[in-house]
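Colleague: Can you read through this structure? Questions will come right after.
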Amino acid sequence: MNKIDYDQIALSKAKELGYDTIRYCGERDGWKYYRLVKACLIGKKTGLPKYIRISRNGSPIVFVEDLQETMWAIGQENTLYCL
């Protein structure tokens, strides 16, 4: 059984889309959620953050576009990083 490096998958997708770093936000229904971050925009208000989700097998990478999913990911990120 191969171990999938979800962080590396998310980071490579983030770099492909022009983002610098990622933040793990949690797992729900078999999906791992990551926030995409541009270092030059840290501390600036730019609207809702961008999130992606990766399935357990690592192949489908989907942007989170649903508002409820985005709010859940924001809440999870705040809980994990005590923001």
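Residue numbers start at 1 in each chain; chains themselves are named A, B, ... in the order of the structure tokens; ligands are numbered from 1 in the order shown.
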Just the helix (DSSP H, G or I) stuff from chain A, please, per backbone DSSP, written as a PyMOL selection string.

Modeller: chain A and resi 6-16+39-41+67-81

Colleague: Let's have the selection written as a JSON list (two decimals), in the first residue's frame, with N, CA, C and O atoms.

Modeller:
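Below is the file again.json, written as the result:
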[["chain", "number", "residue", "atom", "x", "y", "z"],
["A", 6, "TYR", "N", -0.48, 14.05, 0.56],
["A", 6, "TYR", "CA", -1.50, 15.04, 0.19],
["A", 6, "TYR", "C", -0.94, 16.46, 0.21],
["A", 6, "TYR", "O", -1.32, 17.28, -0.61],
["A", 7, "ASP", "N", -0.06, 16.73, 1.17],
["A", 7, "ASP", "CA", 0.53, 18.07, 1.25],
["A", 7, "ASP", "C", 1.30, 18.41, -0.02],
["A", 7, "ASP", "O", 1.20, 19.52, -0.53],
["A", 8, "GLN", "N", 2.06, 17.46, -0.52],
["A", 8, "GLN", "CA", 2.83, 17.70, -1.74],
["A", 8, "GLN", "C", 1.91, 17.88, -2.95],
["A", 8, "GLN", "O", 2.16, 18.73, -3.80],
["A", 9, "ILE", "N", 0.84, 17.10, -3.01],
["A", 9, "ILE", "CA", -0.13, 17.25, -4.11],
["A", 9, "ILE", "C", -0.76, 18.64, -4.06],
["A", 9, "ILE", "O", -0.86, 19.32, -5.08],
["A", 10, "ALA", "N", -1.17, 19.07, -2.87],
["A", 10, "ALA", "CA", -1.80, 20.38, -2.71],
["A", 10, "ALA", "C", -0.81, 21.50, -3.04],
["A", 10, "ALA", "O", -1.17, 22.49, -3.69],
["A", 11, "LEU", "N", 0.44, 21.36, -2.60],
["A", 11, "LEU", "CA", 1.44, 22.40, -2.86],
["A", 11, "LEU", "C", 1.74, 22.51, -4.35],
["A", 11, "LEU", "O", 1.85, 23.62, -4.88],
["A", 12, "SER", "N", 1.84, 21.39, -5.03],
["A", 12, "SER", "CA", 2.12, 21.45, -6.47],
["A", 12, "SER", "C", 0.95, 22.09, -7.23],
["A", 12, "SER", "O", 1.15, 22.86, -8.16],
["A", 13, "LYS", "N", -0.28, 21.79, -6.81],
["A", 13, "LYS", "CA", -1.45, 22.41, -7.44],
["A", 13, "LYS", "C", -1.48, 23.91, -7.14],
["A", 13, "LYS", "O", -1.80, 24.72, -8.02],
["A", 14, "ALA", "N", -1.13, 24.29, -5.92],
["A", 14, "ALA", "CA", -1.10, 25.70, -5.54],
["A", 14, "ALA", "C", -0.07, 26.46, -6.38],
["A", 14, "ALA", "O", -0.36, 27.55, -6.89],
["A", 15, "LYS", "N", 1.11, 25.91, -6.53],
["A", 15, "LYS", "CA", 2.15, 26.56, -7.33],
["A", 15, "LYS", "C", 1.72, 26.68, -8.79],
["A", 15, "LYS", "O", 2.00, 27.68, -9.45],
["A", 16, "GLU", "N", 1.03, 25.66, -9.28],
["A", 16, "GLU", "CA", 0.52, 25.68, -10.65],
["A", 16, "GLU", "C", -0.48, 26.82, -10.85],
["A", 16, "GLU", "O", -0.54, 27.42, -11.92],
["A", 39, "ALA", "N", 1.69, 34.80, -0.48],
["A", 39, "ALA", "CA", 2.42, 35.49, 0.59],
["A", 39, "ALA", "C", 2.27, 37.01, 0.49],
["A", 39, "ALA", "O", 2.21, 37.69, 1.51],
["A", 40, "CYS", "N", 2.19, 37.54, -0.71],
["A", 40, "CYS", "CA", 2.09, 38.99, -0.87],
["A", 40, "CYS", "C", 0.74, 39.54, -0.40],
["A", 40, "CYS", "O", 0.60, 40.74, -0.18],
["A", 41, "LEU", "N", -0.26, 38.66, -0.22],
["A", 41, "LEU", "CA", -1.59, 39.12, 0.19],
["A", 41, "LEU", "C", -1.90, 38.85, 1.66],
["A", 41, "LEU", "O", -3.00, 39.15, 2.11],
["A", 67, "LEU", "N", -20.59, 27.85, -0.62],
["A", 67, "LEU", "CA", -20.39, 28.75, 0.51],
["A", 67, "LEU", "C", -20.37, 28.00, 1.84],
["A", 67, "LEU", "O", -19.55, 28.30, 2.72],
["A", 68, "GLN", "N", -21.23, 26.99, 2.00],
["A", 68, "GLN", "CA", -21.25, 26.23, 3.25],
["A", 68, "GLN", "C", -19.94, 25.47, 3.46],
["A", 68, "GLN", "O", -19.43, 25.42, 4.58],
["A", 69, "GLU", "N", -19.41, 24.89, 2.40],
["A", 69, "GLU", "CA", -18.12, 24.20, 2.50],
["A", 69, "GLU", "C", -17.00, 25.17, 2.83],
["A", 69, "GLU", "O", -16.12, 24.87, 3.63],
["A", 70, "THR", "N", -17.03, 26.34, 2.21],
["A", 70, "THR", "CA", -16.02, 27.36, 2.48],
["A", 70, "THR", "C", -16.08, 27.81, 3.93],
["A", 70, "THR", "O", -15.04, 27.92, 4.60],
["A", 71, "MET", "N", -17.27, 28.04, 4.44],
["A", 71, "MET", "CA", -17.42, 28.47, 5.84],
["A", 71, "MET", "C", -16.97, 27.37, 6.79],
["A", 71, "MET", "O", -16.37, 27.64, 7.83],
["A", 72, "TRP", "N", -17.25, 26.10, 6.45],
["A", 72, "TRP", "CA", -16.78, 24.99, 7.27],
["A", 72, "TRP", "C", -15.26, 24.97, 7.30],
["A", 72, "TRP", "O", -14.65, 24.82, 8.36],
["A", 73, "ALA", "N", -14.63, 25.15, 6.14],
["A", 73, "ALA", "CA", -13.16, 25.13, 6.06],
["A", 73, "ALA", "C", -12.56, 26.30, 6.84],
["A", 73, "ALA", "O", -11.54, 26.14, 7.52],
["A", 74, "ILE", "N", -13.19, 27.46, 6.78],
["A", 74, "ILE", "CA", -12.71, 28.62, 7.55],
["A", 74, "ILE", "C", -12.78, 28.32, 9.04],
["A", 74, "ILE", "O", -11.85, 28.59, 9.80],
["A", 75, "GLY", "N", -13.89, 27.74, 9.48],
["A", 75, "GLY", "CA", -14.04, 27.38, 10.89],
["A", 75, "GLY", "C", -13.00, 26.35, 11.33],
["A", 75, "GLY", "O", -12.42, 26.47, 12.42],
["A", 76, "GLN", "N", -12.75, 25.35, 10.49],
["A", 76, "GLN", "CA", -11.75, 24.33, 10.81],
["A", 76, "GLN", "C", -10.36, 24.96, 10.89],
["A", 76, "GLN", "O", -9.57, 24.64, 11.78],
["A", 77, "GLU", "N", -10.04, 25.84, 9.95],
["A", 77, "GLU", "CA", -8.74, 26.50, 9.95],
["A", 77, "GLU", "C", -8.57, 27.35, 11.20],
["A", 77, "GLU", "O", -7.50, 27.34, 11.82],
["A", 78, "ASN", "N", -9.60, 28.07, 11.58],
["A", 78, "ASN", "CA", -9.54, 28.89, 12.80],
["A", 78, "ASN", "C", -9.34, 28.01, 14.04],
["A", 78, "ASN", "O", -8.62, 28.39, 14.95],
["A", 79, "THR", "N", -9.98, 26.85, 14.07],
["A", 79, "THR", "CA", -9.83, 25.94, 15.19],
["A", 79, "THR", "C", -8.41, 25.36, 15.25],
["A", 79, "THR", "O", -7.81, 25.29, 16.32],
["A", 80, "LEU", "N", -7.89, 24.98, 14.10],
["A", 80, "LEU", "CA", -6.57, 24.36, 14.07],
["A", 80, "LEU", "C", -5.46, 25.34, 14.38],
["A", 80, "LEU", "O", -4.49, 25.00, 15.05],
["A", 81, "TYR", "N", -5.56, 26.57, 13.89],
["A", 81, "TYR", "CA", -4.47, 27.53, 14.02],
["A", 81, "TYR", "C", -4.76, 28.63, 15.02],
["A", 81, "TYR", "O", -3.98, 29.56, 15.14]]

Colleague: Between CA of Ser55 in chain A and CA of Lys3 in chain A, what is the distance in Å, rounded to a tenth?

Modeller: 13.5 Å

Colleague: What is the distance, in Å and to one decimal place, between CA of Cys82 in chain A and CA of Gly30 in chain A?

Modeller: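 About the pair CA of Cys82 in chain A and CA of Gly30 in chain A: they are 23.9 Å apart.
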
Colleague: Of the candidates A:Tyr51, A:Val64, A:Ile42, A:Asp5, which shows the shortest atom-to-atom distance to Arg23 in chain A, using only C-alpha atoms?

Modeller: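 That would be A:Tyr51, the residue with the smallest distance to Arg23 in chain A.
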